Each structure stands twice: as structure tokens, then as C-alpha cells.
file query_15.cif (mmCIF, C-alpha atoms)
data_structure
loop_
_atom_site.label_atom_id
_atom_site.label_comp_id
_atom_site.auth_asym_id
_atom_site.auth_seq_id
_atom_site.Cartn_x
_atom_site.Cartn_y
_atom_site.Cartn_z
CA MET A 1 -63.24 49.74 -88.44
CA LYS A 2 -59.90 47.94 -88.81
CA LYS A 3 -60.18 48.01 -92.62
CA ALA A 4 -61.08 51.72 -92.59
CA PHE A 5 -58.07 52.48 -90.41
CA VAL A 6 -55.78 50.69 -92.82
CA TYR A 7 -57.23 52.50 -95.84
CA LEU A 8 -56.71 55.81 -94.02
CA PHE A 9 -53.15 54.79 -93.25
CA ILE A 10 -52.45 53.96 -96.90
CA LEU A 11 -53.90 57.27 -98.05
CA MET A 12 -51.87 59.29 -95.55
CA MET A 13 -48.67 57.51 -96.48
CA LEU A 14 -49.23 58.07 -100.19
CA LEU A 15 -49.85 61.78 -99.60
CA SER A 16 -46.70 62.17 -97.51
CA VAL A 17 -44.22 59.82 -99.21
CA THR A 18 -43.22 60.07 -102.87
CA TRP A 19 -42.98 57.14 -105.26
CA ALA A 20 -39.25 57.14 -104.67
CA PHE A 21 -39.79 54.84 -101.72
CA VAL A 22 -40.55 52.01 -104.13
CA ALA A 23 -36.86 51.91 -104.89
CA CYS A 24 -36.35 52.02 -101.13
CA ASP A 25 -34.78 55.46 -101.26
CA ASP A 26 -31.67 53.95 -102.78
CA ASP A 27 -29.54 57.10 -102.57
CA ASP A 28 -30.00 57.24 -98.80
CA ASP A 29 -29.73 53.48 -98.44
CA ASP A 30 -26.30 53.53 -100.09
CA ASP A 31 -25.13 55.49 -97.06
CA ASN A 32 -27.34 54.05 -94.36
CA ASN A 33 -28.14 50.46 -95.27
CA ASP A 34 -26.00 48.81 -97.93
CA GLU A 35 -23.02 49.32 -95.64
CA ALA A 36 -24.95 48.71 -92.42
CA ASP A 37 -22.16 46.50 -91.20
CA ASP A 38 -19.91 49.60 -91.19
CA ASP A 39 -22.33 52.38 -90.20
CA ASP A 40 -24.32 50.61 -87.51
CA THR A 41 -21.50 49.55 -85.24
CA GLY A 42 -19.58 52.74 -84.57
CA ASP A 43 -16.23 53.04 -82.82
CA ASP A 44 -16.92 50.12 -80.51
CA ASP A 45 -16.95 47.75 -83.48
CA ASP A 46 -13.58 49.04 -84.69
CA ASP A 47 -12.12 47.92 -81.39
CA THR A 48 -13.80 44.52 -81.35
CA VAL A 49 -11.45 41.55 -81.36
CA ASP A 50 -11.63 38.05 -80.02
CA ASP A 51 -9.70 37.55 -76.82
CA ASP A 52 -10.38 33.81 -76.85
CA ALA A 53 -7.84 32.41 -79.26
CA ASP A 54 -8.53 28.93 -77.98
CA ASP A 55 -11.79 29.02 -80.00
CA ASP A 56 -11.33 27.45 -83.42
CA ASP A 57 -13.46 30.07 -85.15
CA THR A 58 -11.34 33.14 -84.50
CA GLY A 59 -7.86 34.14 -85.47
CA ASP A 60 -7.05 36.95 -83.04
CA ASP A 61 -4.60 36.85 -80.17
CA ASP A 62 -5.14 37.54 -76.46
CA THR A 63 -3.50 40.96 -76.37
CA GLY A 64 -6.18 43.14 -77.94
CA PRO A 65 -8.90 45.21 -76.29
CA PRO A 66 -11.97 43.47 -74.88
CA SER A 67 -14.71 42.13 -77.16
CA PRO A 68 -18.46 42.43 -76.57
CA PHE A 69 -18.52 38.63 -76.81
CA ASP A 70 -15.95 37.97 -74.06
CA GLU A 71 -18.57 37.01 -71.47
CA ALA A 72 -20.32 34.65 -73.87
CA ALA A 73 -17.01 33.01 -74.78
CA ALA A 74 -16.14 32.63 -71.10
CA ASN A 75 -19.48 30.98 -70.31
CA PRO A 76 -20.05 28.36 -73.01
CA GLY A 77 -23.58 27.05 -73.23
CA GLU A 78 -25.05 30.04 -71.37
CA TRP A 79 -27.11 32.87 -72.86
CA VAL A 80 -25.53 36.30 -72.32
CA TRP A 81 -27.09 39.71 -73.01
CA ILE A 82 -24.96 42.31 -74.85
CA ASP A 83 -26.01 45.96 -75.06
CA VAL A 84 -25.58 47.43 -78.54
CA ALA A 85 -25.58 51.22 -78.57
CA ASP A 86 -26.61 51.43 -82.23
CA SER A 87 -29.60 49.10 -81.80
CA LEU A 88 -32.84 51.07 -81.51
CA CYS A 89 -36.34 49.89 -80.58
CA ARG A 90 -39.57 51.36 -81.93
CA ASP A 91 -40.02 53.41 -78.74
CA GLY A 92 -36.59 55.02 -79.19
CA THR A 93 -34.77 53.07 -76.46
CA THR A 94 -31.59 51.14 -77.14
CA SER A 95 -31.54 47.37 -77.24
CA GLY A 96 -28.92 44.70 -77.86
CA ILE A 97 -28.43 41.06 -78.76
CA GLY A 98 -28.20 37.70 -77.02
CA ALA A 99 -25.28 35.31 -77.49
CA ARG A 100 -24.75 31.67 -76.61
CA PHE A 101 -21.41 30.24 -77.67
CA GLN A 102 -19.96 26.74 -77.44
CA ALA A 103 -16.32 25.97 -76.69
CA GLY A 104 -14.40 25.38 -79.89
CA ALA A 105 -17.46 25.74 -82.14
CA ASP A 106 -16.79 27.13 -85.61
CA LYS A 107 -20.42 27.31 -86.82
CA LEU A 108 -22.81 30.22 -86.31
CA VAL A 109 -26.56 30.88 -86.44
CA ILE A 110 -27.85 34.44 -86.37
CA PHE A 111 -31.52 34.16 -85.40
CA LEU A 112 -34.12 36.90 -85.97
CA GLU A 113 -36.96 36.91 -83.46
CA GLY A 114 -40.62 37.03 -84.50
CA GLY A 115 -43.49 39.03 -83.06
CA GLY A 116 -46.03 40.66 -85.37
CA ALA A 117 -45.73 44.04 -87.07
CA CYS A 118 -46.75 47.69 -86.63
CA PHE A 119 -48.69 49.46 -89.37
CA ASP A 120 -52.04 50.40 -87.79
CA ALA A 121 -53.56 50.75 -84.34
CA ASP A 122 -54.47 47.07 -83.97
CA SER A 123 -51.17 45.66 -85.19
CA CYS A 124 -49.02 48.09 -83.22
CA GLU A 125 -50.90 47.28 -80.02
CA ASP A 126 -49.87 43.64 -80.33
CA ASN A 127 -46.27 44.36 -81.35
CA PRO A 128 -43.58 44.91 -78.69
CA ASP A 129 -41.80 48.27 -78.93
CA HIS A 130 -39.11 47.64 -76.32
CA PHE A 131 -36.54 44.92 -75.61
CA ASP A 132 -33.82 45.02 -72.97
CA GLU A 133 -31.86 42.70 -70.69
CA VAL A 134 -34.90 42.01 -68.51
CA THR A 135 -37.01 41.15 -71.55
CA PHE A 136 -34.23 38.87 -72.76
CA ALA A 137 -34.10 36.98 -69.47
CA ASP A 138 -37.82 36.30 -69.78
CA ARG A 139 -37.35 35.19 -73.38
CA VAL A 140 -34.60 32.75 -72.43
CA ALA A 141 -36.78 31.24 -69.73
CA GLU A 142 -39.73 31.00 -72.12
CA ASP A 143 -38.32 29.19 -75.15
CA LEU A 144 -34.66 29.89 -76.01
CA THR A 145 -33.75 26.38 -74.93
CA GLU A 146 -36.27 24.66 -77.22
CA GLY A 147 -36.41 23.72 -80.88
CA LEU A 148 -33.39 24.98 -82.79
CA PHE A 149 -31.92 26.16 -79.48
CA ASN A 150 -32.15 22.77 -77.76
CA ASP A 151 -28.51 21.86 -77.36
CA GLY A 152 -29.18 18.67 -75.46
CA ASP A 153 -31.07 16.69 -78.08
CA THR A 154 -28.90 14.81 -80.55
CA ASP A 155 -31.65 14.99 -83.17
CA ASN A 156 -31.07 18.74 -83.42
CA PRO A 157 -28.72 19.28 -86.39
CA LEU A 158 -27.74 22.68 -84.94
CA ALA A 159 -26.74 21.37 -81.51
CA GLY A 160 -23.26 22.61 -80.66
CA TRP A 161 -23.48 25.70 -82.88
CA ASN A 162 -22.88 29.26 -81.71
CA PHE A 163 -26.04 31.38 -81.62
CA ILE A 164 -26.63 35.11 -81.80
CA PHE A 165 -30.21 36.18 -81.05
CA VAL A 166 -31.47 39.43 -82.61
CA PRO A 167 -34.54 40.65 -80.68
CA TYR A 168 -37.56 42.15 -82.41
CA CYS A 169 -38.80 45.49 -81.09
CA THR A 170 -39.11 47.52 -84.30
CA GLY A 171 -42.39 46.32 -85.82
CA ASP A 172 -40.95 46.34 -89.36
CA LEU A 173 -40.14 42.67 -90.01
CA HIS A 174 -36.45 43.48 -89.34
CA SER A 175 -36.44 45.32 -92.68
CA GLY A 176 -37.03 49.03 -92.06
CA ASP A 177 -34.89 52.13 -91.96
CA ALA A 178 -37.17 55.01 -91.00
CA SER A 179 -37.07 57.46 -88.09
CA ASP A 180 -39.76 59.44 -86.27
CA MET A 181 -42.67 57.99 -88.21
CA THR A 182 -46.32 58.39 -87.24
CA VAL A 183 -48.97 55.70 -87.47
CA PRO A 184 -52.68 56.62 -87.66
CA GLY A 185 -54.41 55.86 -84.38
CA VAL A 186 -51.16 55.35 -82.46
CA ASP A 187 -49.63 57.97 -80.17
CA GLY A 188 -46.11 59.28 -80.58
CA VAL A 189 -43.44 58.65 -83.19
CA HIS A 190 -41.90 55.32 -84.08
CA GLN A 191 -38.38 54.23 -84.97
CA PHE A 192 -38.43 51.52 -87.62
CA HIS A 193 -34.77 50.51 -87.50
CA GLY A 194 -34.98 46.74 -87.86
CA TYR A 195 -32.64 46.52 -90.85
CA LYS A 196 -30.00 48.63 -89.12
CA ASN A 197 -30.32 46.68 -85.86
CA THR A 198 -29.73 43.42 -87.72
CA GLY A 199 -26.83 45.03 -89.54
CA ALA A 200 -25.24 46.01 -86.24
CA ALA A 201 -25.48 42.41 -84.99
CA ILE A 202 -24.04 41.07 -88.24
CA ALA A 203 -21.14 43.51 -88.12
CA LEU A 204 -20.21 42.52 -84.56
CA ALA A 205 -20.36 38.85 -85.51
CA ALA A 206 -18.27 39.32 -88.65
CA GLU A 207 -15.61 41.17 -86.67
CA TYR A 208 -15.42 38.40 -84.08
CA PHE A 209 -15.83 35.21 -86.11
CA THR A 210 -13.03 35.16 -88.64
CA GLU A 211 -12.71 31.44 -89.33
CA LEU A 212 -16.19 29.95 -89.45
CA SER A 213 -16.77 26.70 -91.28
CA GLN A 214 -20.54 27.15 -91.69
CA MET A 215 -23.21 29.76 -90.96
CA MET A 216 -26.96 30.23 -91.11
CA LEU A 217 -29.40 33.15 -91.01
CA ALA A 218 -32.64 31.90 -89.44
CA GLY A 219 -35.84 33.52 -88.26
CA GLN A 220 -39.42 32.82 -87.35
CA SER A 221 -42.56 34.72 -88.39
CA ALA A 222 -41.50 38.39 -88.59
CA GLY A 223 -37.94 37.13 -88.33
CA GLY A 224 -38.60 34.72 -91.18
CA PHE A 225 -39.56 37.64 -93.41
CA GLY A 226 -36.51 39.43 -92.04
CA THR A 227 -34.14 36.71 -93.23
CA LEU A 228 -35.13 37.52 -96.81
CA MET A 229 -34.30 41.22 -96.56
CA ASN A 230 -31.14 40.80 -94.46
CA TYR A 231 -29.56 37.91 -96.35
CA PRO A 232 -27.60 40.24 -98.70
CA GLN A 233 -25.95 42.20 -95.88
CA MET A 234 -24.97 39.07 -93.97
CA ALA A 235 -23.65 37.40 -97.12
CA ALA A 236 -21.59 40.52 -97.86
CA ALA A 237 -20.20 40.69 -94.31
CA PHE A 238 -18.97 37.08 -94.41
CA ASP A 239 -18.11 36.90 -98.10
CA PRO A 240 -17.07 34.52 -99.65
CA MET A 241 -18.53 31.94 -97.24
CA PRO A 242 -21.85 30.46 -98.41
CA LEU A 243 -24.84 31.35 -96.25
CA ILE A 244 -27.81 29.08 -95.42
CA LEU A 245 -31.22 30.70 -94.95
CA LEU A 246 -33.97 29.13 -92.84
CA ASP A 247 -37.29 30.98 -93.02
CA ASP A 248 -39.81 29.66 -90.49
CA SER A 249 -43.30 30.81 -91.49
CA GLY A 250 -42.42 34.01 -93.32
CA PRO A 251 -43.57 33.35 -96.91
CA LEU A 252 -43.97 36.12 -99.47
CA HIS A 253 -46.71 34.96 -101.84
CA ARG A 254 -46.92 36.13 -105.43
CA ASP A 255 -50.75 35.91 -105.40
CA ASN A 256 -51.96 39.50 -104.97
CA SER A 257 -55.27 38.29 -103.54
CA VAL A 258 -53.28 36.96 -100.56
CA LEU A 259 -50.38 39.43 -100.33
CA SER A 260 -52.12 42.66 -101.27
CA PRO A 261 -50.23 45.31 -103.28
CA LEU A 262 -51.90 47.94 -101.08
CA LEU A 263 -50.48 46.35 -97.95
CA GLN A 264 -47.05 46.13 -99.57
CA LEU A 265 -47.27 49.74 -100.70
CA GLY A 266 -48.27 51.02 -97.29
CA VAL A 267 -45.73 49.21 -95.13
CA ARG A 268 -42.89 49.87 -97.54
CA ALA A 269 -43.65 53.59 -97.32
CA LEU A 270 -44.04 53.57 -93.54
CA TRP A 271 -40.98 51.47 -92.75
CA ASN A 272 -38.77 52.41 -95.72
CA VAL A 273 -38.21 48.72 -96.38
CA VAL A 274 -34.71 47.99 -97.62
CA VAL A 275 -34.47 45.78 -100.71
CA PRO A 276 -31.44 45.44 -102.99
CA GLU A 277 -31.44 48.25 -105.53
CA ASP A 278 -30.74 45.82 -108.36
CA CYS A 279 -33.80 43.71 -107.54
CA THR A 280 -35.85 45.53 -110.15
CA GLU A 281 -38.67 42.98 -110.05
CA CYS A 282 -39.10 43.68 -106.33
CA ASN A 283 -40.69 47.00 -107.29
CA GLY A 284 -43.86 46.23 -109.24
CA PRO A 285 -46.09 48.82 -110.92
CA LEU A 286 -48.82 48.37 -108.29
CA GLY A 287 -46.47 48.58 -105.34
CA ASP A 288 -46.22 44.81 -105.35
CA GLY A 289 -43.32 42.56 -106.28
CA VAL A 290 -41.60 42.17 -102.91
CA GLU A 291 -42.05 38.39 -103.27
CA ASN A 292 -39.40 38.48 -105.98
CA ILE A 293 -36.70 38.92 -103.36
CA GLN A 294 -36.92 35.12 -102.99
CA PRO A 295 -35.81 34.16 -106.53
CA TYR A 296 -33.46 37.17 -106.51
CA LEU A 297 -31.51 35.64 -103.62
CA ALA A 298 -31.26 32.29 -105.36
CA GLU A 299 -30.07 33.86 -108.60
CA ASN A 300 -27.52 36.18 -107.03
CA TYR A 301 -26.09 33.87 -104.36
CA ALA A 302 -25.43 30.69 -106.29
CA ASP A 303 -23.71 29.01 -103.34
CA GLY A 304 -26.54 29.79 -100.95
CA VAL A 305 -29.14 27.33 -99.73
CA PHE A 306 -32.63 28.56 -98.93
CA GLY A 307 -35.31 26.77 -96.92
CA LEU A 308 -38.93 27.75 -96.21
CA PHE A 309 -41.11 26.04 -93.60
CA SER A 310 -44.85 26.72 -93.59
CA THR A 311 -48.18 25.17 -92.82
CA THR A 312 -50.62 25.16 -95.72
CA GLY A 313 -53.23 27.18 -93.83
CA ASP A 314 -51.20 29.35 -91.44
CA GLU A 315 -53.87 31.25 -89.47
CA THR A 316 -51.47 33.91 -88.21
CA ILE A 317 -50.24 34.88 -91.67
CA ARG A 318 -53.76 34.72 -93.08
CA ASP A 319 -54.83 37.23 -90.43
CA PHE A 320 -51.78 39.42 -90.98
CA PHE A 321 -52.22 39.58 -94.75
CA GLY A 322 -56.02 39.77 -94.52
CA VAL A 323 -56.39 43.42 -93.53
CA PHE A 324 -58.38 44.15 -96.71
CA GLY A 325 -60.55 41.07 -96.61
CA GLU A 326 -60.70 37.51 -95.38
CA ILE A 327 -58.15 35.07 -96.77
CA THR A 328 -59.81 31.69 -96.74
CA LEU A 329 -58.02 28.44 -96.06
CA GLU A 330 -58.48 27.45 -99.71
CA MET A 331 -57.07 30.78 -100.97
CA TYR A 332 -54.02 30.49 -98.76
CA ARG A 333 -53.43 26.85 -99.61
CA ASP A 334 -53.50 27.62 -103.34
CA ALA A 335 -51.16 30.58 -102.83
CA ILE A 336 -48.56 28.67 -100.82
CA PHE A 337 -48.42 25.91 -103.43
CA ASP A 338 -48.17 28.52 -106.20
CA LEU A 339 -45.27 30.15 -104.37
CA ARG A 340 -43.47 26.85 -104.05
CA ASP A 341 -44.11 25.49 -107.53
CA ASN A 342 -43.75 28.64 -109.62
CA LEU A 343 -41.36 30.92 -107.74
CA LEU A 344 -39.13 28.94 -105.37
CA LEU A 345 -38.44 25.45 -106.68
CA PRO A 346 -37.65 26.56 -110.27
CA THR A 347 -34.57 28.38 -108.93
CA GLY A 348 -32.92 25.12 -107.93
CA ARG A 349 -31.68 26.71 -104.68
CA TRP A 350 -34.89 26.72 -102.61
CA SER A 351 -36.39 23.82 -100.69
CA THR A 352 -39.68 23.78 -98.79
CA TYR A 353 -41.19 21.79 -95.93
CA PHE A 354 -44.99 22.14 -95.84
CA VAL A 355 -47.32 20.71 -93.20
CA GLU A 356 -51.05 20.29 -93.82
CA ASP A 357 -52.18 22.33 -90.80
CA THR A 358 -52.94 25.88 -89.64
CA PHE A 359 -50.41 26.50 -86.83
CA HIS A 360 -47.64 29.08 -87.01
CA THR A 361 -43.84 28.53 -86.53
CA PHE A 362 -41.76 25.63 -85.24
CA THR A 363 -38.28 26.90 -84.41
CA THR A 364 -38.77 27.54 -80.68
CA ASP A 365 -41.03 24.59 -79.87
CA ASP A 366 -39.65 21.17 -78.93
CA ASP A 367 -42.84 19.30 -79.74
CA ARG A 368 -43.08 20.69 -83.25
CA PHE A 369 -39.38 20.69 -84.09
CA PHE A 370 -38.68 17.15 -82.92
CA GLU A 371 -42.03 15.48 -83.52
CA ILE A 372 -43.22 16.70 -86.94
CA VAL A 373 -42.88 14.09 -89.67
CA VAL A 374 -44.26 14.58 -93.19
CA ASP A 375 -44.04 11.86 -95.86
CA GLU A 376 -41.75 9.87 -93.55
CA THR A 377 -39.28 12.76 -93.39
CA PRO A 378 -38.78 14.28 -89.92
CA LEU A 379 -38.53 18.05 -89.84
CA THR A 380 -35.14 17.74 -88.14
CA THR A 381 -33.89 15.62 -91.04
CA TRP A 382 -34.91 18.29 -93.55
CA VAL A 383 -33.19 21.02 -91.52
CA GLY A 384 -30.07 18.87 -91.33
CA GLU A 385 -30.10 18.35 -95.09
CA LEU A 386 -30.09 22.13 -95.59
CA LEU A 387 -26.59 22.06 -94.08
CA THR A 388 -25.22 19.88 -96.85
CA GLY A 389 -27.15 20.96 -99.95
CA VAL A 390 -30.62 21.64 -101.30
CA PRO A 391 -32.95 18.89 -100.05
CA ALA A 392 -35.98 17.68 -101.94
CA PRO A 393 -39.17 19.52 -101.03
CA VAL A 394 -41.35 17.84 -98.43
CA GLY A 395 -45.11 18.05 -98.10
CA PRO A 396 -48.36 17.90 -100.04
#
call {"tool": "encode", "arguments": {"input": "query_15.cif", "output": "C-alpha cells"}}
result
Amino acid sequence: MKKAFVYLFILMMLLSVTWAFVACDDDDDDDNNDEADDDDTGDDDDDTVDDDADDDDTGDDDTGPPSPFDEAAANPGEWVWIDVADSLCRDGTTSGIGARFQAGADKLVIFLEGGGACFDADSCEDNPDHFDEVTFADRVAEDLTEGLFNDGDTDNPLAGWNFIFVPYCTGDLHSGDASDMTVPGVDGVHQFHGYKNTGAAIALAAEYFTELSQMMLAGQSAGGFGTLMNYPQMAAAFDPMPLILLDDSGPLHRDNSVLSPLLQLGVRALWNVVVPEDCTECNGPLGDGVENIQPYLAENYADGVFGLFSTTGDETIRDFFGVFGEITLEMYRDAIFDLRDNLLLPTGRWSTYFVEDTFHTFTTDDDRFFEIVVDETPLTTWVGELLTGVPAPVGP
């Protein structure tokens, strides 16, 4: 039944959406996406300045109008929720971002939350369509003090950094720009605005942080995939500062038996996935090719550093990609090694950390982040090495 639903979904999307989506509707994206850091923030962003001149990472004085980040700056080490009027969840409600700043810190992580996807009845049922201040409070209590966010463990190479948390309530891997879409078997219309939501967060951060010394775009699962699509707009907003990417468990395989062209075709039509218009290889003849965003980033951002963490048999991704048929452990293992050896490492800008296991994600789990060691290299060491260059790949 699940497979039939997905085939029906693909057919309906192909009947209602022209092939122009493969180029991600570039004419519209020029207005709506490529300049998301301008369009998504509205008048409030024009007025945003940093009132906290004592912070090393900003250059504004104390006489300007208030900033959305004032409360976070006044409460270092504490998570603060910030409503963002231009941030829209799948159910049509507005959302926001979380911020946790440190006194005097001049380094920033923008983190994209994970949480499944929405493209058929089963997947949408498991994907959250709403995120507000109450949801954020629960999220903080659950795991936003662990893993990368653990500021009290000296083994964490990101301890002492400023963090901005971008919630995930759009079901589009933080990469869509589509309004009032219907999904077969799911009631109502859906707002797939993940790319614009991330753009709004990036724009606010770029307005506030004017003198950063280092920055990272990180994400787990759906957020890991989202780092790939949103890297260009964050790099543009903070140009010319180099940007580090940390993708936790969001690999885009080049093996079509694992990452199906039909799945790519369907979700790109439904979500209007935003890819750079000059990434011609991202738009393959079968609707495939999205995996080529990974070498594209390395080739076009020569100062960037790109890191992918994955297990060799990730059960969650195997299930996600396996809507048209089972992806065996052996198939996935071969595909992840093929991705590493033939698409990522040849660029000279990507590094990988692979664990021989089947679990999914590490970034918000103390046990995994601080305890994993592969080939005598702790995971925390590899993450730290991403901050100073391109580390050697780790794993089988």
C-alpha cells in the first residue's frame, strides 16, 4: 500500500508540474530564494542591530533600535526563543528560531534540526508540521544541552560558540519553496518553506554578527540534507568568510538503486527544492543528480570545509530512501563507500567519518558524540579538525 501511494503521488505530481521544476523554477527562485537573506526578513531585519557592543563579534553601538537577539545576548549560556514573522511551518503557522550566545564569543554555529520528511501519507504522519515556543522549550529539555550543544565538556570543540537553532516543521529537508501544496492521502494544503525559513535565520544572523572569526552550518538527518542546499545562501550572506559544513547523517548517494530518481523527481516537484541554477549536474535526465550538489559545493567554495558523518548501514536513511523497495545493508554499505570514494574525497575539500553500525545521527547525543572512537580517532577529534582544515577520512 505504501509503495502504491508513492507511485500515485509521483504520477499526480508529474501531471501537475512541468519539467521546469528540474531547474528549480529558477526565474521565480531569483526573486524568492537566491536573495532569501533579503526577502525573508522584511522590515524588522532592516532595523536589526546589535545593542551589545561589549561582544567581540559585533561592531554596532548601543544607540540603535532593539535587536531580536538582545535577550540572548543579555542571558549568555541560556537558550532563548525568538519569533520570526517570515518563518512558516507546514501547517501555515509562524515559527521562529532558538539562540544561545556566549559572552564575548566570536564564533557561530547555525544548526538545522532533523525530523523526517513529508511526501506521502506515512511520511507526513511522522513529520512535525508545527513548531513554536512551547515546542522549543520541550526540545531544549530533551537534548539541546547534549552533543554539539554540551557547553560544559572540554572535549567538545564547539564549546563556547554561539548557537542559532533552526527548527524543522516544513517536511522538505529545509530545502523547499512551495506554497499550498497537496499530498495524496493527507488532508489540507501544506507550506513547504524550509529554504526560506533558513534564509530568514541566516539573514538575521548576518545582520547581527559583523565580526565573526569562524562559523559553521551544521545539521542532523533532515537538517544534514538541509546543510547541502542552504550552504550557498549562508556563504553569500557572510561572504568572504569561509564556511564549515557538518552534515550528520544526511548523505546523498549517487547510486540510483539507493537514492531513486523517482523519489528525487517526486519530492523536487512537491517541495520545489532549491538548488543553485549553475549546478547543471544536479539536474539529471532521469530526475536524478541531486547528489552532485556535494562536489558542486567543494568546487565553488574553495575555502570551505565539508564534513559528512554516517554509519555504514543507517537504518533510518535506508527506510527513508526505500519507498520503492528494500535497501539491504549490503546495498547501503556499498553506496556509502561509493559516495565517499568517488564523489566526495576526490574534491579535496570533503572529509568523512564512518562508523560500522546502523544507528542514525550523533550531534544531540552525549554518549555518541563523546564516546565514539573509530581507528583510534575520537569523533570529537575529527569534528575539531574540521575547524582547522580538511581532516583525513576516518572509518572502514
call {"tool": "residues_around", "arguments": {"input": "query_15.cif", "residues": "region 304-311 of chain A", "least_positions_apart": "6", "cutoff": "8 Å", "atoms": "all atoms listed in the file", "output": "list of chain:residue names"}}
result
A:Pro242, A:Leu243, A:Ile244, A:Leu245, A:Leu246, A:Asp247, A:Asp248, A:Ser249, A:Gly250, A:Pro251, A:Ala298, A:Arg349, A:Trp350, A:Ser351, A:Thr352, A:Tyr353, A:Phe354, A:Val355, A:Glu356, A:Asp357, A:Thr358, A:Phe359, A:His360, A:Thr361, A:Leu386, A:Gly389, A:Val390
call {"tool": "write_last_selection", "arguments": {"input": "query_15.cif", "atoms": "C-alpha atoms", "output": "PDB file, in the coordinates of the input"}}
result
ATOM      1  CA  PRO A 242     -21.850  30.460 -98.410  1.00  0.00           C
ATOM      2  CA  LEU A 243     -24.840  31.350 -96.250  1.00  0.00           C
ATOM      3  CA  ILE A 244     -27.810  29.080 -95.420  1.00  0.00           C
ATOM      4  CA  LEU A 245     -31.220  30.700 -94.950  1.00  0.00           C
ATOM      5  CA  LEU A 246     -33.970  29.130 -92.840  1.00  0.00           C
ATOM      6  CA  ASP A 247     -37.290  30.980 -93.020  1.00  0.00           C
ATOM      7  CA  ASP A 248     -39.810  29.660 -90.490  1.00  0.00           C
ATOM      8  CA  SER A 249     -43.300  30.810 -91.490  1.00  0.00           C
ATOM      9  CA  GLY A 250     -42.420  34.010 -93.320  1.00  0.00           C
ATOM     10  CA  PRO A 251     -43.570  33.350 -96.910  1.00  0.00           C
ATOM     11  CA  ALA A 298     -31.260  32.290-105.360  1.00  0.00           C
ATOM     12  CA  ARG A 349     -31.680  26.710-104.680  1.00  0.00           C
ATOM     13  CA  TRP A 350     -34.890  26.720-102.610  1.00  0.00           C
ATOM     14  CA  SER A 351     -36.390  23.820-100.690  1.00  0.00           C
ATOM     15  CA  THR A 352     -39.680  23.780 -98.790  1.00  0.00           C
ATOM     16  CA  TYR A 353     -41.190  21.790 -95.930  1.00  0.00           C
ATOM     17  CA  PHE A 354     -44.990  22.140 -95.840  1.00  0.00           C
ATOM     18  CA  VAL A 355     -47.320  20.710 -93.200  1.00  0.00           C
ATOM     19  CA  GLU A 356     -51.050  20.290 -93.820  1.00  0.00           C
ATOM     20  CA  ASP A 357     -52.180  22.330 -90.800  1.00  0.00           C
ATOM     21  CA  THR A 358     -52.940  25.880 -89.640  1.00  0.00           C
ATOM     22  CA  PHE A 359     -50.410  26.500 -86.830  1.00  0.00           C
ATOM     23  CA  HIS A 360     -47.640  29.080 -87.010  1.00  0.00           C
ATOM     24  CA  THR A 361     -43.840  28.530 -86.530  1.00  0.00           C
ATOM     25  CA  LEU A 386     -30.090  22.130 -95.590  1.00  0.00           C
ATOM     26  CA  GLY A 389     -27.150  20.960 -99.950  1.00  0.00           C
ATOM     27  CA  VAL A 390     -30.620  21.640-101.300  1.00  0.00           C
TER      28      VAL A 390
END
call {"tool": "residues_around", "arguments": {"input": "query_15.cif", "residues": "Tyr296 (chain A)", "least_positions_apart": "2", "cutoff": "10 Å", "atoms": "all atoms listed in the file", "output": "list in words"}}
result
Leu228, Pro276, Asp278, Cys279, Thr280, Glu281, Cys282, Glu291, Asn292, Ile293, Gln294, Ala298, Glu299, Asn300, Tyr301 and Thr347 of chain A
call {"tool": "atom_distance", "arguments": {"input": "query_15.cif", "atom1": "CA of Glu113 (chain A)", "atom2": "CA of Pro295 (chain A)"}}
result
23.3 Å
call {"tool": "closest_residue", "arguments": {"input": "query_15.cif", "among": "A:Ala236, A:Val186, A:Ile317, A:Cys169", "to": "Cys124 (chain A)", "atoms": "all atoms listed in the file"}}
result
A:Val186
call {"tool": "resolve_selection", "arguments": {"input": "query_15.cif", "expression": "the PyMOL selection byres ((chain A and resi 376-378) around 12)", "output": "short mmCIF file (atom, residue, chain, number, x, y, z; two decimals) with C-alpha atoms, keeping the file's coordinate frame"}}
result
data_model
loop_
_atom_site.label_atom_id
_atom_site.label_comp_id
_atom_site.auth_asym_id
_atom_site.auth_seq_id
_atom_site.Cartn_x
_atom_site.Cartn_y
_atom_site.Cartn_z
CA ASP A 155 -31.65 14.99 -83.17
CA ASN A 156 -31.07 18.74 -83.42
CA PRO A 157 -28.72 19.28 -86.39
CA TYR A 353 -41.19 21.79 -95.93
CA PHE A 354 -44.99 22.14 -95.84
CA VAL A 355 -47.32 20.71 -93.20
CA ARG A 368 -43.08 20.69 -83.25
CA PHE A 369 -39.38 20.69 -84.09
CA PHE A 370 -38.68 17.15 -82.92
CA GLU A 371 -42.03 15.48 -83.52
CA ILE A 372 -43.22 16.70 -86.94
CA VAL A 373 -42.88 14.09 -89.67
CA VAL A 374 -44.26 14.58 -93.19
CA ASP A 375 -44.04 11.86 -95.86
CA LEU A 379 -38.53 18.05 -89.84
CA THR A 380 -35.14 17.74 -88.14
CA THR A 381 -33.89 15.62 -91.04
CA TRP A 382 -34.91 18.29 -93.55
CA VAL A 383 -33.19 21.02 -91.52
CA GLY A 384 -30.07 18.87 -91.33
CA GLU A 385 -30.10 18.35 -95.09
CA PRO A 391 -32.95 18.89 -100.05
CA ALA A 392 -35.98 17.68 -101.94
CA PRO A 393 -39.17 19.52 -101.03
CA VAL A 394 -41.35 17.84 -98.43
CA GLY A 395 -45.11 18.05 -98.10
#
